[in-house]
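J.: This one is start.txt, compact mmCIF, C-alpha atoms.
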# COMPACT_ATOMS: atom_id res chain seq x y z
CA MET A 21 5.27 74.22 34.45
CA ALA A 22 4.85 73.62 38.18
CA LEU A 23 5.69 70.15 39.45
CA ALA A 24 3.10 67.95 41.09
CA PRO A 25 3.77 67.21 44.77
CA ASP A 26 4.36 63.52 43.95
CA ASP A 27 6.68 64.13 40.97
CA PRO A 28 9.71 61.83 41.48
CA ARG A 29 12.11 64.63 40.50
CA ARG A 30 10.82 66.67 43.43
CA GLN A 31 11.22 63.74 45.80
CA LEU A 32 14.90 63.15 44.92
CA PHE A 33 16.01 66.79 44.61
CA GLY A 34 18.28 67.78 47.49
CA THR A 35 17.91 64.45 49.30
CA VAL A 36 20.75 62.23 48.05
CA GLY A 37 24.44 62.30 48.93
CA PHE A 38 26.14 65.71 49.12
CA ASP A 39 22.94 67.40 47.91
CA LYS A 40 21.45 66.78 51.36
CA SER A 41 23.57 69.76 52.41
CA LEU A 42 21.03 71.96 50.60
CA ALA A 43 18.50 71.58 53.39
CA GLY A 44 15.08 72.82 52.37
CA ILE A 45 15.72 73.24 48.63
CA GLU A 46 12.61 72.63 46.56
CA LEU A 47 12.40 71.95 42.83
CA THR A 48 9.33 73.93 41.73
CA GLU A 49 9.28 73.89 37.91
CA VAL A 50 10.63 71.82 35.04
CA ASP A 51 9.96 72.53 31.37
CA ALA A 52 11.91 71.58 28.27
CA GLY A 53 15.33 73.10 28.86
CA HIS A 54 14.35 74.98 32.01
CA ALA A 55 14.31 74.22 35.75
CA VAL A 56 13.53 76.31 38.82
CA ALA A 57 14.26 75.67 42.49
CA GLU A 58 13.84 77.75 45.64
CA ILE A 59 15.58 77.72 48.99
CA THR A 60 15.37 79.75 52.19
CA VAL A 61 18.73 80.90 53.54
CA ALA A 62 18.93 79.02 56.85
CA ASP A 63 21.75 77.73 59.04
CA PRO A 64 22.73 74.66 56.93
CA VAL A 65 23.49 76.81 53.83
CA GLN A 66 24.93 79.90 55.54
CA ASN A 67 28.52 81.05 55.74
CA TRP A 68 30.21 82.57 58.82
CA VAL A 69 28.51 85.93 58.36
CA GLY A 70 24.99 84.51 57.97
CA THR A 71 24.55 84.81 54.19
CA LEU A 72 24.11 82.13 51.54
CA HIS A 73 27.41 80.23 51.29
CA GLY A 74 29.27 80.38 47.97
CA GLY A 75 29.67 76.61 47.95
CA ALA A 76 25.91 76.20 48.40
CA ILE A 77 25.38 78.56 45.45
CA ALA A 78 27.76 76.48 43.29
CA THR A 79 25.92 73.29 44.29
CA ILE A 80 22.57 74.89 43.44
CA VAL A 81 23.95 75.88 40.02
CA ASP A 82 25.08 72.28 39.45
CA ASP A 83 21.80 70.72 40.61
CA VAL A 84 19.38 73.08 38.86
CA GLY A 85 21.49 73.07 35.69
CA THR A 86 21.56 69.28 35.68
CA VAL A 87 17.77 69.02 35.93
CA ALA A 88 17.38 71.54 33.07
CA ILE A 89 19.74 69.46 30.90
CA MET A 90 17.99 66.20 31.77
CA SER A 91 14.68 67.76 30.73
CA VAL A 92 15.82 68.01 27.09
CA ASP A 93 18.25 65.13 26.73
CA ARG A 94 16.48 62.37 24.80
CA ASP A 95 17.85 59.77 27.23
CA GLY A 96 17.42 61.92 30.37
CA ARG A 97 21.17 61.76 31.09
CA PRO A 98 22.55 63.99 33.86
CA GLY A 99 25.99 64.21 32.29
CA VAL A 100 29.23 64.84 34.15
CA THR A 101 30.27 68.37 35.06
CA THR A 102 33.49 69.36 33.28
CA ASP A 103 33.41 73.09 33.98
CA LEU A 104 31.49 75.25 36.46
CA ASN A 105 31.89 79.02 36.82
CA VAL A 106 30.01 81.23 39.27
CA SER A 107 29.91 85.03 39.45
CA TYR A 108 28.73 86.33 42.83
CA PHE A 109 26.90 89.67 42.67
CA SER A 110 25.30 90.27 46.06
CA ALA A 111 24.65 88.56 49.37
CA ALA A 112 21.50 86.63 50.24
CA PRO A 113 20.91 87.23 53.96
CA SER A 114 19.62 84.80 56.56
CA GLY A 115 15.89 84.19 56.16
CA ALA A 116 15.79 85.35 52.53
CA ARG A 117 14.12 83.22 49.90
CA VAL A 118 16.23 82.62 46.78
CA ARG A 119 15.05 81.36 43.38
CA ALA A 120 17.45 79.61 40.99
CA SER A 121 16.37 79.48 37.34
CA GLY A 122 18.35 77.34 34.94
CA ARG A 123 18.14 77.24 31.17
CA VAL A 124 19.95 75.11 28.64
CA LEU A 125 22.03 77.17 26.23
CA LYS A 126 22.94 74.26 23.95
CA ILE A 127 22.88 70.51 24.08
CA GLY A 128 24.72 68.33 21.64
CA ARG A 129 25.73 64.72 21.32
CA THR A 130 28.62 64.95 23.79
CA LEU A 131 28.41 68.37 25.49
CA ALA A 132 25.68 70.42 27.13
CA PHE A 133 25.83 74.04 28.29
CA VAL A 134 23.55 75.61 30.89
CA GLU A 135 23.16 78.94 32.70
CA VAL A 136 21.63 79.39 36.16
CA ASP A 137 20.59 82.73 37.68
CA LEU A 138 19.88 83.17 41.41
CA HIS A 139 17.66 86.04 42.57
CA LEU A 140 16.29 87.12 45.93
CA LEU A 141 12.50 86.89 46.10
CA ASP A 142 10.47 89.77 47.48
CA GLU A 143 7.49 89.34 49.83
CA ALA A 144 5.20 88.78 46.82
CA GLY A 145 7.49 86.01 45.52
CA GLN A 146 8.81 88.10 42.64
CA PRO A 147 12.50 88.02 41.68
CA GLY A 148 14.51 91.00 42.86
CA ARG A 149 18.22 91.51 43.40
CA HIS A 150 20.54 89.28 41.36
CA VAL A 151 22.59 87.16 43.78
CA ALA A 152 24.72 85.08 41.39
CA GLN A 153 25.00 83.58 37.94
CA GLY A 154 26.61 80.27 37.07
CA ARG A 155 27.46 78.55 33.84
CA MET A 156 28.22 74.90 33.52
CA THR A 157 29.43 72.49 30.85
CA LYS A 158 28.51 68.81 31.05
CA PHE A 159 30.02 65.87 29.21
CA MET A 160 27.11 63.75 28.05
CA ALA A 161 28.50 60.23 28.30
CA THR A 162 26.68 57.48 26.43
Render the structure in this file as structure tokens.
T.:
Amino acid sequence: MALAPDDPRRQLFGTVGFDKSLAGIELTEVDAGHAVAEITVADPVQNWVGTLHGGAIATIVDDVGTVAIMSVDRDGRPGVTTDLNVSYFSAAPSGARVRASGRVLKIGRTLAFVEVDLHLLDEAGQPGRHVAQGRMTKFMAT
């Protein structure tokens, strides 16, 4: 489900603390157990060779995964990341648009598990080449 322009989740996403480093990231969808964000590879998120920085990818995995988890947690808790693993498959060049889609694998009383896939978008906005995949575990403190 697409987010309304005035949705508070959209307003906060990528604007607080370290997440400000993801300049231009936009949360576009949130459903139960699913979240989607898009970002254009521009200078603030590039590495030395002009592609999407691995640290930016890891932060995107954390942020998109957290929103997906919050969408199904009965108390809307973000949890605390206890484990984050990223596999990098291909580069996302300068100017490319990247979509990150996160889905909750399991959420329990104290732990939540999420997977986030990043794909390049083609000119029609359709997902193409797989850039990276991350998995994250969150401790769901009470």
J.: Under the rule of at most 10 Å, produce a per-residue listing of segment 70-160 of chain A near segment 43-47 of chain A: chain, number, name, the closest pair of atoms, and the distance in Å, as CSV, using only C-alpha atoms.
T.:
residue,atom,partner,partner_atom,distance
A:Ile80,CA,A:Ile45,CA,8.8
A:Asp83,CA,A:Leu47,CA,9.7
A:Val84,CA,A:Leu47,CA,8.1
A:Val87,CA,A:Leu47,CA,9.2
A:Val118,CA,A:Ile45,CA,9.6
A:Arg119,CA,A:Glu46,CA,9.6
A:Ala120,CA,A:Leu47,CA,9.4
J.: Looking at A:Pro147, A:Gly115, A:Gly74, A:Gly122, which one is nearest to Ala62 of chain A, with distances taken over all atoms listed in the file?
T.: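 Residue with the minimum atom-to-atom distance to Ala62 of chain A: A:Gly115.
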J.: Name all residues at most 8 Å from Leu104 of chain A (count all atoms listed in the file; drop same-chain ones fewer than 2 positions away) and give them as an NGL selection string.
T.: :A and (78 or 82 or 101-102 or 106 or 154-157)
J.: If you measure from atom CA of Ala112 of chain A to atom CA of Gly37 of chain A, what distance in Å do you get, rounded to one decimal?
T.: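 Separation between atom CA of Ala112 of chain A and atom CA of Gly37 of chain A: 24.5 Å.
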J.: How many Å lie between atom CA of Leu125 of chain A and atom CA of Ala88 of chain A, rounded to one decimal?
T.: 10.0 Å
J.: Between atom CA of Asp95 of chain A and atom CA of Val134 of chain A, what distance in Å does the model show, to one decimal?
T.: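 That distance, rounded to one decimal, is 17.2 Å.
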J.: Here's a test: counting only C-alpha atoms, identify every protein, DNA and RNA residue with an atom at most 12 Å from (25.5, 87.1, 59.6) in the file's coordinate frame, and state them as a list in words.
T.: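 Output: Val61, Ala62, Asp63, Val65, Gln66, Asn67, Trp68, Val69, Gly70, Thr71, Leu72, His73, Ala111, Ala112, Pro113, Ser114 and Gly115 of chain A.
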J.: I need the residue nearest Pro98 of chain A from this list: A:Thr130, A:Ser41, A:Gln146, A:Ser110. Use all atoms listed in the file for the distance.
T.: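 Ranking A:Thr130, A:Ser41, A:Gln146, A:Ser110 by distance to Pro98 of chain A, first place goes to A:Thr130.
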